[in-house]
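Working notes, beginning with the structure itself.
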Amino acid sequence: MHLHKYEKLWLAFGISSLVLFLVIVGVNAFVAGNQPPSSAKTVDPGAVEVTAPFDQPGLKKIGDNEYQLVVVTSAFSFDVGTQDKVVEIPKGATVHIVATTKDVVHGFEIAGTNANMMLEPGHISEATQVFRNEGEFTLLCNEYCGSGHHLMHAKIKVVD
Ligand code: CUA
């Protein structure tokens, strides 16, 4: 095959453009891979118990009718900071839920509310829920996690 001089030139230009493009994409991917986006919060699943805020599960008042609820899950329980696994929340409170798992994937669903998320090892899951109505709400695991899956639950008691 015979190529004219300018055709070779264009070919060379095309190939070097492609190489340059791939290098830029590769470098960007490398940089992004080493610095996860700030929105994706992570935690060492083996060090959950010694990592704040998970070292102190439970409800904390953080503002005017505003709370943080820290929950640590493991097969097969929800640690909500109380022995009886009941969390009392004042009616109308805004609750910022922060949760993770020490072992396998668990679900986090407060039945009858919009709070529904998946907890994955190494990841911090967050949701904000306003409890407008009094009553008892069941916190349950909705991801099959093993033989004790059905035993995983706790209770949210919204009191006046
Ligand atoms: Cu935990 Cu199902």
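Chain labels follow the order of the structure tokens: the first chain is A, the next B, and so on; residue numbering restarts at 1 in every chain, and ligands are counted from 1 in their shown order.
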Selection within 10 Å of ligand 1 by only C-alpha atoms and all ligand atoms, output as JSON, numbers by chain:
{"A": [73, 74, 75, 76, 77, 78, 101, 103, 104, 105, 106, 107, 108, 118, 119, 140, 141, 142, 143, 144, 145, 146, 147, 148, 149, 150, 151, 152, 153]}
Got time to write the residues from that selection, N, CA, C and O atoms, as a tab-separated table (two decimals), in the first residue's frame?
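Below is the file that was written, selection_25.tsv:
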chain	number	residue	atom	x	y	z
A	73	THR	N	-24.57	-2.16	62.85
A	73	THR	CA	-25.20	-3.46	62.65
A	73	THR	C	-24.15	-4.55	62.52
A	73	THR	O	-23.01	-4.31	62.12
A	74	SER	N	-24.58	-5.75	62.90
A	74	SER	CA	-23.75	-6.94	62.72
A	74	SER	C	-24.71	-8.11	62.72
A	74	SER	O	-25.85	-7.98	63.12
A	75	ALA	N	-24.24	-9.24	62.25
A	75	ALA	CA	-25.09	-10.43	62.23
A	75	ALA	C	-25.25	-10.90	63.69
A	75	ALA	O	-24.27	-11.32	64.28
A	76	PHE	N	-26.40	-10.83	64.30
A	76	PHE	CA	-27.68	-10.43	63.72
A	76	PHE	C	-28.36	-9.44	64.66
A	76	PHE	O	-29.35	-9.74	65.30
A	77	SER	N	-27.78	-8.24	64.72
A	77	SER	CA	-28.41	-7.26	65.60
A	77	SER	C	-28.14	-5.82	65.18
A	77	SER	O	-27.21	-5.53	64.42
A	78	PHE	N	-29.02	-4.95	65.70
A	78	PHE	CA	-28.84	-3.51	65.55
A	78	PHE	C	-28.34	-2.99	66.89
A	78	PHE	O	-28.99	-3.20	67.91
A	101	THR	N	-22.14	-1.32	58.87
A	101	THR	CA	-22.15	-2.73	59.26
A	101	THR	C	-20.74	-3.20	59.57
A	101	THR	O	-19.78	-2.74	58.94
A	103	ASP	N	-19.98	-6.47	59.46
A	103	ASP	CA	-19.69	-7.71	58.74
A	103	ASP	C	-20.29	-7.74	57.33
A	103	ASP	O	-19.68	-7.22	56.41
A	104	VAL	N	-21.47	-8.30	57.21
A	104	VAL	CA	-22.04	-8.46	55.86
A	104	VAL	C	-23.02	-7.33	55.55
A	104	VAL	O	-23.24	-6.44	56.37
A	105	VAL	N	-23.62	-7.38	54.38
A	105	VAL	CA	-24.62	-6.39	53.99
A	105	VAL	C	-25.89	-6.60	54.82
A	105	VAL	O	-26.37	-7.72	54.97
A	106	HIS	N	-26.36	-5.51	55.40
A	106	HIS	CA	-27.63	-5.53	56.12
A	106	HIS	C	-28.53	-4.45	55.56
A	106	HIS	O	-28.06	-3.50	54.92
A	107	GLY	N	-29.81	-4.60	55.83
A	107	GLY	CA	-30.76	-3.57	55.44
A	107	GLY	C	-31.09	-2.71	56.65
A	107	GLY	O	-30.89	-3.13	57.79
A	108	PHE	N	-31.56	-1.51	56.37
A	108	PHE	CA	-31.96	-0.59	57.45
A	108	PHE	C	-33.27	0.05	57.02
A	108	PHE	O	-33.30	0.92	56.17
A	118	MET	N	-29.41	0.56	52.38
A	118	MET	CA	-28.61	-0.65	52.43
A	118	MET	C	-27.29	-0.32	53.12
A	118	MET	O	-26.69	0.72	52.85
A	119	LEU	N	-26.89	-1.18	54.04
A	119	LEU	CA	-25.62	-0.96	54.74
A	119	LEU	C	-24.59	-1.94	54.20
A	119	LEU	O	-24.79	-3.15	54.24
A	140	LEU	N	-35.97	-2.60	61.04
A	140	LEU	CA	-35.71	-3.98	60.64
A	140	LEU	C	-34.68	-4.08	59.51
A	140	LEU	O	-34.39	-3.11	58.83
A	141	CYS	N	-34.15	-5.28	59.37
A	141	CYS	CA	-33.18	-5.58	58.32
A	141	CYS	C	-33.96	-6.15	57.15
A	141	CYS	O	-34.68	-7.13	57.30
A	142	ASN	N	-33.84	-5.52	55.99
A	142	ASN	CA	-34.58	-6.01	54.82
A	142	ASN	C	-33.67	-6.56	53.72
A	142	ASN	O	-34.05	-6.62	52.56
A	143	GLU	N	-32.45	-6.93	54.14
A	143	GLU	CA	-31.54	-7.61	53.20
A	143	GLU	C	-31.23	-8.96	53.84
A	143	GLU	O	-30.77	-9.00	54.99
A	144	TYR	N	-31.44	-10.03	53.09
A	144	TYR	CA	-31.16	-11.34	53.69
A	144	TYR	C	-29.68	-11.44	54.04
A	144	TYR	O	-28.82	-11.22	53.21
A	145	CYS	N	-29.39	-11.72	55.34
A	145	CYS	CA	-28.00	-11.68	55.80
A	145	CYS	C	-27.57	-12.95	56.50
A	145	CYS	O	-26.49	-13.03	57.06
A	146	GLY	N	-28.42	-13.96	56.48
A	146	GLY	CA	-28.03	-15.23	57.09
A	146	GLY	C	-29.13	-15.81	57.97
A	146	GLY	O	-30.26	-15.31	57.97
A	147	SER	N	-28.75	-16.84	58.73
A	147	SER	CA	-29.74	-17.60	59.50
A	147	SER	C	-30.50	-16.77	60.53
A	147	SER	O	-31.62	-17.10	60.87
A	148	GLY	N	-29.89	-15.70	61.01
A	148	GLY	CA	-30.56	-14.89	62.03
A	148	GLY	C	-31.18	-13.62	61.50
A	148	GLY	O	-31.54	-12.73	62.26
A	149	HIS	N	-31.30	-13.56	60.18
A	149	HIS	CA	-31.84	-12.37	59.52
A	149	HIS	C	-33.15	-11.89	60.15
A	149	HIS	O	-33.32	-10.70	60.43
A	150	HIS	N	-34.05	-12.83	60.39
A	150	HIS	CA	-35.37	-12.46	60.92
A	150	HIS	C	-35.33	-11.98	62.37
A	150	HIS	O	-36.29	-11.45	62.89
A	151	LEU	N	-34.17	-12.18	63.02
A	151	LEU	CA	-34.04	-11.75	64.42
A	151	LEU	C	-33.57	-10.30	64.53
A	151	LEU	O	-33.56	-9.71	65.61
A	152	MET	N	-33.16	-9.75	63.40
A	152	MET	CA	-32.60	-8.39	63.42
A	152	MET	C	-33.67	-7.33	63.43
A	152	MET	O	-34.26	-7.00	62.41
A	153	HIS	N	-33.92	-6.80	64.61
A	153	HIS	CA	-34.80	-5.64	64.67
A	153	HIS	C	-34.60	-4.85	65.95
A	153	HIS	O	-34.03	-5.34	66.92
Please provide as an NGL selection string all residues within 9 Å of segment 131-136 of chain A, with the sequence filter that same-chain residues fewer than 4 positions apart are discarded (counting only C-alpha atoms).
:A and (89-95 or 113 or 155-160)
For Gly58 of chain A, which residue among A:Ala127, A:Val72, A:Ala40, A:Val80 is the nearest when counting only C-alpha atoms?
A:Val80
Got a sec to tell me which of chain A DSSP assigns to strand (DSSP E or B), as a ChimeraX atom specification?
/A:42,58-63,66-74,77-79,86-90,94-101,106-110,116-119,123,125-130,135-140,153-159
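When atom CA of Lys41 of chain A is paired with atom CA of Glu126 of chain A, their separation reads 9.4 Å.
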Skip Pro45 of chain A itself and residues of its chain fewer than 6 positions away, then list as a JSON list (two decimals) with all heavy atoms, in the first residue's frame all residues within 10 Å of it, counting only C-alpha atoms.
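Once written, part_7.json looks like this:
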[["chain", "number", "residue", "atom", "x", "y", "z"],
["A", 51, "THR", "N", -14.08, 3.66, 65.84],
["A", 51, "THR", "CA", -14.12, 4.81, 64.93],
["A", 51, "THR", "C", -15.35, 5.66, 65.23],
["A", 51, "THR", "O", -16.47, 5.16, 65.21],
["A", 51, "THR", "CB", -14.14, 4.33, 63.46],
["A", 51, "THR", "OG1", -13.05, 3.43, 63.24],
["A", 51, "THR", "CG2", -14.04, 5.51, 62.51],
["A", 100, "THR", "N", -23.68, 1.85, 59.79],
["A", 100, "THR", "CA", -22.77, 1.01, 59.01],
["A", 100, "THR", "C", -22.89, -0.43, 59.50],
["A", 100, "THR", "O", -23.67, -0.73, 60.42],
["A", 100, "THR", "CB", -21.31, 1.51, 59.08],
["A", 100, "THR", "OG1", -20.53, 0.84, 58.09],
["A", 100, "THR", "CG2", -20.69, 1.25, 60.45],
["A", 101, "THR", "N", -22.14, -1.32, 58.87],
["A", 101, "THR", "CA", -22.15, -2.73, 59.26],
["A", 101, "THR", "C", -20.74, -3.20, 59.57],
["A", 101, "THR", "O", -19.78, -2.74, 58.94],
["A", 101, "THR", "CB", -22.78, -3.62, 58.16],
["A", 101, "THR", "OG1", -22.47, -4.99, 58.42],
["A", 101, "THR", "CG2", -22.25, -3.26, 56.78],
["A", 102, "LYS", "N", -20.63, -4.08, 60.55],
["A", 102, "LYS", "CA", -19.31, -4.63, 60.91],
["A", 102, "LYS", "C", -18.96, -5.87, 60.10],
["A", 102, "LYS", "O", -17.82, -6.32, 60.09],
["A", 102, "LYS", "CB", -19.29, -5.00, 62.40],
["A", 102, "LYS", "CG", -19.38, -3.80, 63.33],
["A", 102, "LYS", "CD", -18.93, -4.16, 64.72],
["A", 102, "LYS", "CE", -19.98, -4.95, 65.46],
["A", 102, "LYS", "NZ", -19.60, -5.18, 66.88],
["A", 103, "ASP", "N", -19.98, -6.47, 59.46],
["A", 103, "ASP", "CA", -19.69, -7.71, 58.74],
["A", 103, "ASP", "C", -20.29, -7.74, 57.33],
["A", 103, "ASP", "O", -19.68, -7.22, 56.41],
["A", 103, "ASP", "CB", -20.13, -8.93, 59.57],
["A", 103, "ASP", "CG", -21.46, -8.72, 60.27],
["A", 103, "ASP", "OD1", -22.39, -8.23, 59.63],
["A", 103, "ASP", "OD2", -21.55, -9.05, 61.48],
["A", 104, "VAL", "N", -21.47, -8.30, 57.21],
["A", 104, "VAL", "CA", -22.04, -8.46, 55.86],
["A", 104, "VAL", "C", -23.02, -7.33, 55.55],
["A", 104, "VAL", "O", -23.24, -6.44, 56.37],
["A", 104, "VAL", "CB", -22.75, -9.83, 55.73],
["A", 104, "VAL", "CG1", -21.73, -10.95, 55.88],
["A", 104, "VAL", "CG2", -23.86, -9.97, 56.77],
["A", 120, "GLU", "N", -23.50, -1.38, 53.67],
["A", 120, "GLU", "CA", -22.46, -2.22, 53.09],
["A", 120, "GLU", "C", -21.18, -2.09, 53.89],
["A", 120, "GLU", "O", -20.83, -1.00, 54.34],
["A", 120, "GLU", "CB", -22.19, -1.78, 51.65],
["A", 120, "GLU", "CG", -23.36, -2.02, 50.72],
["A", 120, "GLU", "CD", -23.15, -1.33, 49.38],
["A", 120, "GLU", "OE1", -22.51, -1.94, 48.51],
["A", 120, "GLU", "OE2", -23.61, -0.19, 49.24],
["A", 121, "PRO", "N", -20.45, -3.22, 54.08],
["A", 121, "PRO", "CA", -19.21, -3.16, 54.84],
["A", 121, "PRO", "C", -18.26, -2.12, 54.25],
["A", 121, "PRO", "O", -18.07, -2.08, 53.03],
["A", 121, "PRO", "CB", -18.63, -4.57, 54.71],
["A", 121, "PRO", "CG", -19.74, -5.43, 54.26],
["A", 121, "PRO", "CD", -20.73, -4.57, 53.55],
["A", 122, "GLY", "N", -17.70, -1.27, 55.10],
["A", 122, "GLY", "CA", -16.76, -0.26, 54.63],
["A", 122, "GLY", "C", -17.40, 1.05, 54.26],
["A", 122, "GLY", "O", -16.70, 2.03, 54.00],
["A", 123, "HIS", "N", -18.73, 1.07, 54.23],
["A", 123, "HIS", "CA", -19.43, 2.29, 53.82],
["A", 123, "HIS", "C", -20.31, 2.85, 54.94],
["A", 123, "HIS", "O", -20.84, 2.10, 55.74],
["A", 123, "HIS", "CB", -20.29, 2.04, 52.58],
["A", 123, "HIS", "CG", -19.47, 1.76, 51.36],
["A", 123, "HIS", "ND1", -19.08, 2.74, 50.49],
["A", 123, "HIS", "CD2", -18.94, 0.60, 50.91],
["A", 123, "HIS", "CE1", -18.34, 2.19, 49.53],
["A", 123, "HIS", "NE2", -18.24, 0.88, 49.77],
["A", 124, "ILE", "N", -20.43, 4.16, 54.95],
["A", 124, "ILE", "CA", -21.28, 4.84, 55.92],
["A", 124, "ILE", "C", -22.55, 5.28, 55.19],
["A", 124, "ILE", "O", -22.47, 5.96, 54.17],
["A", 124, "ILE", "CB", -20.55, 6.05, 56.53],
["A", 124, "ILE", "CG1", -19.31, 5.58, 57.30],
["A", 124, "ILE", "CG2", -21.49, 6.85, 57.43],
["A", 124, "ILE", "CD1", -18.41, 6.72, 57.78]]
